[in-house]
Every structure is written in C-alpha cells, then in structure tokens.
Amino acid sequence: MIVDHLKAPYYAVIFTSIMTDNLENYSETAQKMEALAKLQKGFLGIESARSELGITVSYWQTLDDISRWKNNIEHTEVRNLGREKWYQQYQLRICKVEREYGFEKKK
C-alpha cells in the first residue's frame, strides 16, 4: 500500500538491501519490526518492495523520532542479527521531504 497525504515537511528513511541466502526467520522478524515501528513516536508510515534489491521507506515526523527508533533496544538487536545473518549489503539514507504529490486512477 502506498502511504499518501502526509503533511510536509517530514522525513523519509530509505533502506536498500541485498540479502544473503540465509533468510531463516527473516519475514517474521521484519513483520515484528514493522509492528514495533508503528508504535514509535513520530512514525507516519512505511512502504516496501523486494526483488534482487529490497527497498523499504519509512516516514517520520522528526529527526529525533528517527534517532529514537535507531536506538530502540529491540531494533538494535535485530539490526545486529541482520548484519550477522540476513544482509549481504545495505545502505540507509535519511531525507527531508519538502513536498509530495501523487495520482490515483478512479475506478
């Protein structure tokens, strides 16, 4: 589902990744982290797609909200597990969204 109608400015955390061959418990853990992120102060939404390159974009009200999420103990433990087990490579980018617009075809 596309996250839309957010009130700019806000922040986007863009997480791109390439996986290893070991994906044991990955899907369950990713779902758990998404549910936990939704409970965090300042969380606005998330979008994700995966093929050879995975892309997850989460949206946040402030940079402080992003820092709190980064430093969340459970998130930190899973991030370390990801480095150990699931990710061959990843890159994280934090961007300030100044404006947004979109299109939706009416049925």
# chains A, B, ... in the order shown; residues from 1 in each chain; ligands from 1
$ residues_around --residues "Ile66 of chain A" --least-positions-apart "6" --cutoff "9 Å" --atoms "only C-alpha atoms" --output "PyMOL selection string"
chain A and resi 11+13+42-43+59-60+94
$ write_last_selection --atoms "C-alpha atoms" --output "PDB file, in the first residue's frame"
ATOM      1  CA  TYR A  11      11.477  12.697   6.911  1.00  0.00           C
ATOM      2  CA  VAL A  13      14.389   6.794   5.881  1.00  0.00           C
ATOM      3  CA  GLY A  42       6.582  10.199  15.173  1.00  0.00           C
ATOM      4  CA  PHE A  43       6.069   7.165  12.915  1.00  0.00           C
ATOM      5  CA  TYR A  59       8.313   8.074   7.187  1.00  0.00           C
ATOM      6  CA  TRP A  60       8.838  10.060  10.382  1.00  0.00           C
ATOM      7  CA  ILE A  94      17.650   9.956   5.551  1.00  0.00           C
TER       8      ILE A  94
END
$ atom_distance --atom1 "atom CA of Tyr10 of chain A" --atom2 "atom CA of Lys96 of chain A"
5.9 Å
$ closest_residue --among "A:Lys38, A:His5, A:His75, A:Arg83" --to "Ser58 of chain A" --atoms "only C-alpha atoms"
A:Lys38
$ atom_distance --atom1 "atom CA of Met1 of chain A" --atom2 "atom CA of Leu44 of chain A"
13.4 Å
$ atom_distance --atom1 "atom CA of Arg79 of chain A" --atom2 "atom CA of Glu100 of chain A"
29.6 Å
$ closest_residue --among "A:Ser51, A:Gln91, A:Gln40, A:Asn22" --to "Asn71 of chain A" --atoms "only C-alpha atoms"
A:Gln40
$ closest_residue --among "A:Ala49, A:Ala30, A:Leu36, A:Leu81" --to "Thr16 of chain A" --atoms "only C-alpha atoms"
A:Ala49
$ select_by_dssp --residues "chain A" --states "alpha helix (DSSP H)" --output "MDAnalysis selection string"
chainID A and resid 26:38 63:71 73:81
$ closest_residue --among "A:Ile73, A:Asp65, A:Ile18, A:Ala37" --to "Arg50 of chain A" --atoms "only C-alpha atoms"
A:Ile18
$ select_by_dssp --residues "chain A" --states "strand (DSSP E or B)" --output "PyMOL selection string"
chain A and resi 10-19+43-50+54-60+87-97
$ write_last_selection --atoms "N, CA and C atoms" --output "mmCIF file, in the first residue's frame"
data_model
loop_
_atom_site.group_PDB
_atom_site.id
_atom_site.type_symbol
_atom_site.label_atom_id
_atom_site.label_comp_id
_atom_site.auth_asym_id
_atom_site.auth_seq_id
_atom_site.Cartn_x
_atom_site.Cartn_y
_atom_site.Cartn_z
ATOM 1 N N TYR A 10 8.416 16.348 6.365
ATOM 2 C CA TYR A 10 8.614 15.179 7.208
ATOM 3 C C TYR A 10 9.868 14.484 6.686
ATOM 4 N N TYR A 11 10.236 13.370 7.269
ATOM 5 C CA TYR A 11 11.477 12.697 6.911
ATOM 6 C C TYR A 11 11.208 11.296 6.389
ATOM 7 N N ALA A 12 12.025 10.893 5.418
ATOM 8 C CA ALA A 12 11.969 9.545 4.863
ATOM 9 C C ALA A 12 13.296 8.850 5.156
ATOM 10 N N VAL A 13 13.216 7.642 5.693
ATOM 11 C CA VAL A 13 14.389 6.794 5.881
ATOM 12 C C VAL A 13 14.317 5.732 4.791
ATOM 13 N N ILE A 14 15.282 5.778 3.883
ATOM 14 C CA ILE A 14 15.308 4.848 2.754
ATOM 15 C C ILE A 14 16.351 3.777 3.045
ATOM 16 N N PHE A 15 15.884 2.532 3.171
ATOM 17 C CA PHE A 15 16.738 1.399 3.487
ATOM 18 C C PHE A 15 16.744 0.472 2.271
ATOM 19 N N THR A 16 17.900 0.375 1.606
ATOM 20 C CA THR A 16 18.042 -0.538 0.481
ATOM 21 C C THR A 16 18.952 -1.679 0.902
ATOM 22 N N SER A 17 18.647 -2.888 0.421
ATOM 23 C CA SER A 17 19.419 -4.046 0.885
ATOM 24 C C SER A 17 19.500 -5.143 -0.166
ATOM 25 N N ILE A 18 20.554 -5.923 -0.046
ATOM 26 C CA ILE A 18 20.738 -7.162 -0.791
ATOM 27 C C ILE A 18 20.896 -8.256 0.264
ATOM 28 N N MET A 19 20.136 -9.331 0.095
ATOM 29 C CA MET A 19 20.079 -10.385 1.103
ATOM 30 C C MET A 19 21.146 -11.454 0.865
ATOM 31 N N PHE A 43 6.172 8.044 14.078
ATOM 32 C CA PHE A 43 6.069 7.165 12.915
ATOM 33 C C PHE A 43 4.860 7.572 12.083
ATOM 34 N N LEU A 44 5.060 7.689 10.759
ATOM 35 C CA LEU A 44 3.988 8.124 9.858
ATOM 36 C C LEU A 44 3.543 7.051 8.879
ATOM 37 N N GLY A 45 4.413 6.098 8.568
ATOM 38 C CA GLY A 45 4.045 5.064 7.611
ATOM 39 C C GLY A 45 5.264 4.353 7.065
ATOM 40 N N ILE A 46 4.997 3.307 6.249
ATOM 41 C CA ILE A 46 6.089 2.512 5.677
ATOM 42 C C ILE A 46 5.638 1.939 4.339
ATOM 43 N N GLU A 47 6.593 1.839 3.413
ATOM 44 C CA GLU A 47 6.381 1.210 2.116
ATOM 45 C C GLU A 47 7.571 0.288 1.857
ATOM 46 N N SER A 48 7.315 -0.840 1.198
ATOM 47 C CA SER A 48 8.396 -1.795 0.991
ATOM 48 C C SER A 48 8.192 -2.584 -0.285
ATOM 49 N N ALA A 49 9.300 -2.929 -0.951
ATOM 50 C CA ALA A 49 9.270 -3.774 -2.140
ATOM 51 C C ALA A 49 10.561 -4.585 -2.157
ATOM 52 N N ARG A 50 10.469 -5.807 -2.679
ATOM 53 C CA ARG A 50 11.661 -6.646 -2.722
ATOM 54 C C ARG A 50 11.702 -7.419 -4.022
ATOM 55 N N GLY A 54 16.091 -4.959 -2.213
ATOM 56 C CA GLY A 54 14.969 -4.619 -1.354
ATOM 57 C C GLY A 54 14.996 -3.138 -1.035
ATOM 58 N N ILE A 55 13.828 -2.521 -1.021
ATOM 59 C CA ILE A 55 13.722 -1.104 -0.674
ATOM 60 C C ILE A 55 12.587 -0.950 0.330
ATOM 61 N N THR A 56 12.918 -0.377 1.471
ATOM 62 C CA THR A 56 11.912 -0.052 2.476
ATOM 63 C C THR A 56 12.071 1.420 2.809
ATOM 64 N N VAL A 57 10.971 2.152 2.745
ATOM 65 C CA VAL A 57 10.981 3.569 3.090
ATOM 66 C C VAL A 57 10.031 3.755 4.261
ATOM 67 N N SER A 58 10.563 4.272 5.363
ATOM 68 C CA SER A 58 9.701 4.607 6.494
ATOM 69 C C SER A 58 9.660 6.127 6.622
ATOM 70 N N TYR A 59 8.543 6.626 7.112
ATOM 71 C CA TYR A 59 8.313 8.074 7.187
ATOM 72 C C TYR A 59 8.151 8.479 8.644
ATOM 73 N N TRP A 60 8.781 9.605 8.990
ATOM 74 C CA TRP A 60 8.838 10.060 10.382
ATOM 75 C C TRP A 60 8.625 11.564 10.458
ATOM 76 N N TYR A 87 21.717 -9.866 5.787
ATOM 77 C CA TYR A 87 22.098 -8.857 4.798
ATOM 78 C C TYR A 87 23.501 -9.076 4.267
ATOM 79 N N GLN A 88 23.590 -9.119 2.929
ATOM 80 C CA GLN A 88 24.889 -9.107 2.267
ATOM 81 C C GLN A 88 25.415 -7.665 2.259
ATOM 82 N N GLN A 89 24.476 -6.741 2.042
ATOM 83 C CA GLN A 89 24.827 -5.319 1.976
ATOM 84 C C GLN A 89 23.571 -4.511 2.229
ATOM 85 N N TYR A 90 23.720 -3.360 2.887
ATOM 86 C CA TYR A 90 22.608 -2.422 2.961
ATOM 87 C C TYR A 90 23.111 -1.000 3.021
ATOM 88 N N GLN A 91 22.228 -0.097 2.663
ATOM 89 C CA GLN A 91 22.515 1.338 2.688
ATOM 90 C C GLN A 91 21.301 2.042 3.266
ATOM 91 N N LEU A 92 21.541 3.031 4.087
ATOM 92 C CA LEU A 92 20.458 3.788 4.695
ATOM 93 C C LEU A 92 20.640 5.263 4.351
ATOM 94 N N ARG A 93 19.554 5.890 3.956
ATOM 95 C CA ARG A 93 19.586 7.319 3.627
ATOM 96 C C ARG A 93 18.433 8.001 4.346
ATOM 97 N N ILE A 94 18.684 9.182 4.874
ATOM 98 C CA ILE A 94 17.650 9.956 5.551
ATOM 99 C C ILE A 94 17.462 11.249 4.773
ATOM 100 N N CYS A 95 16.226 11.495 4.375
ATOM 101 C CA CYS A 95 15.922 12.642 3.519
ATOM 102 C C CYS A 95 14.780 13.459 4.118
ATOM 103 N N LYS A 96 14.852 14.743 3.944
ATOM 104 C CA LYS A 96 13.748 15.614 4.334
ATOM 105 C C LYS A 96 12.831 15.786 3.122
ATOM 106 N N VAL A 97 11.565 15.483 3.307
ATOM 107 C CA VAL A 97 10.578 15.623 2.242
ATOM 108 C C VAL A 97 9.951 17.006 2.373
#
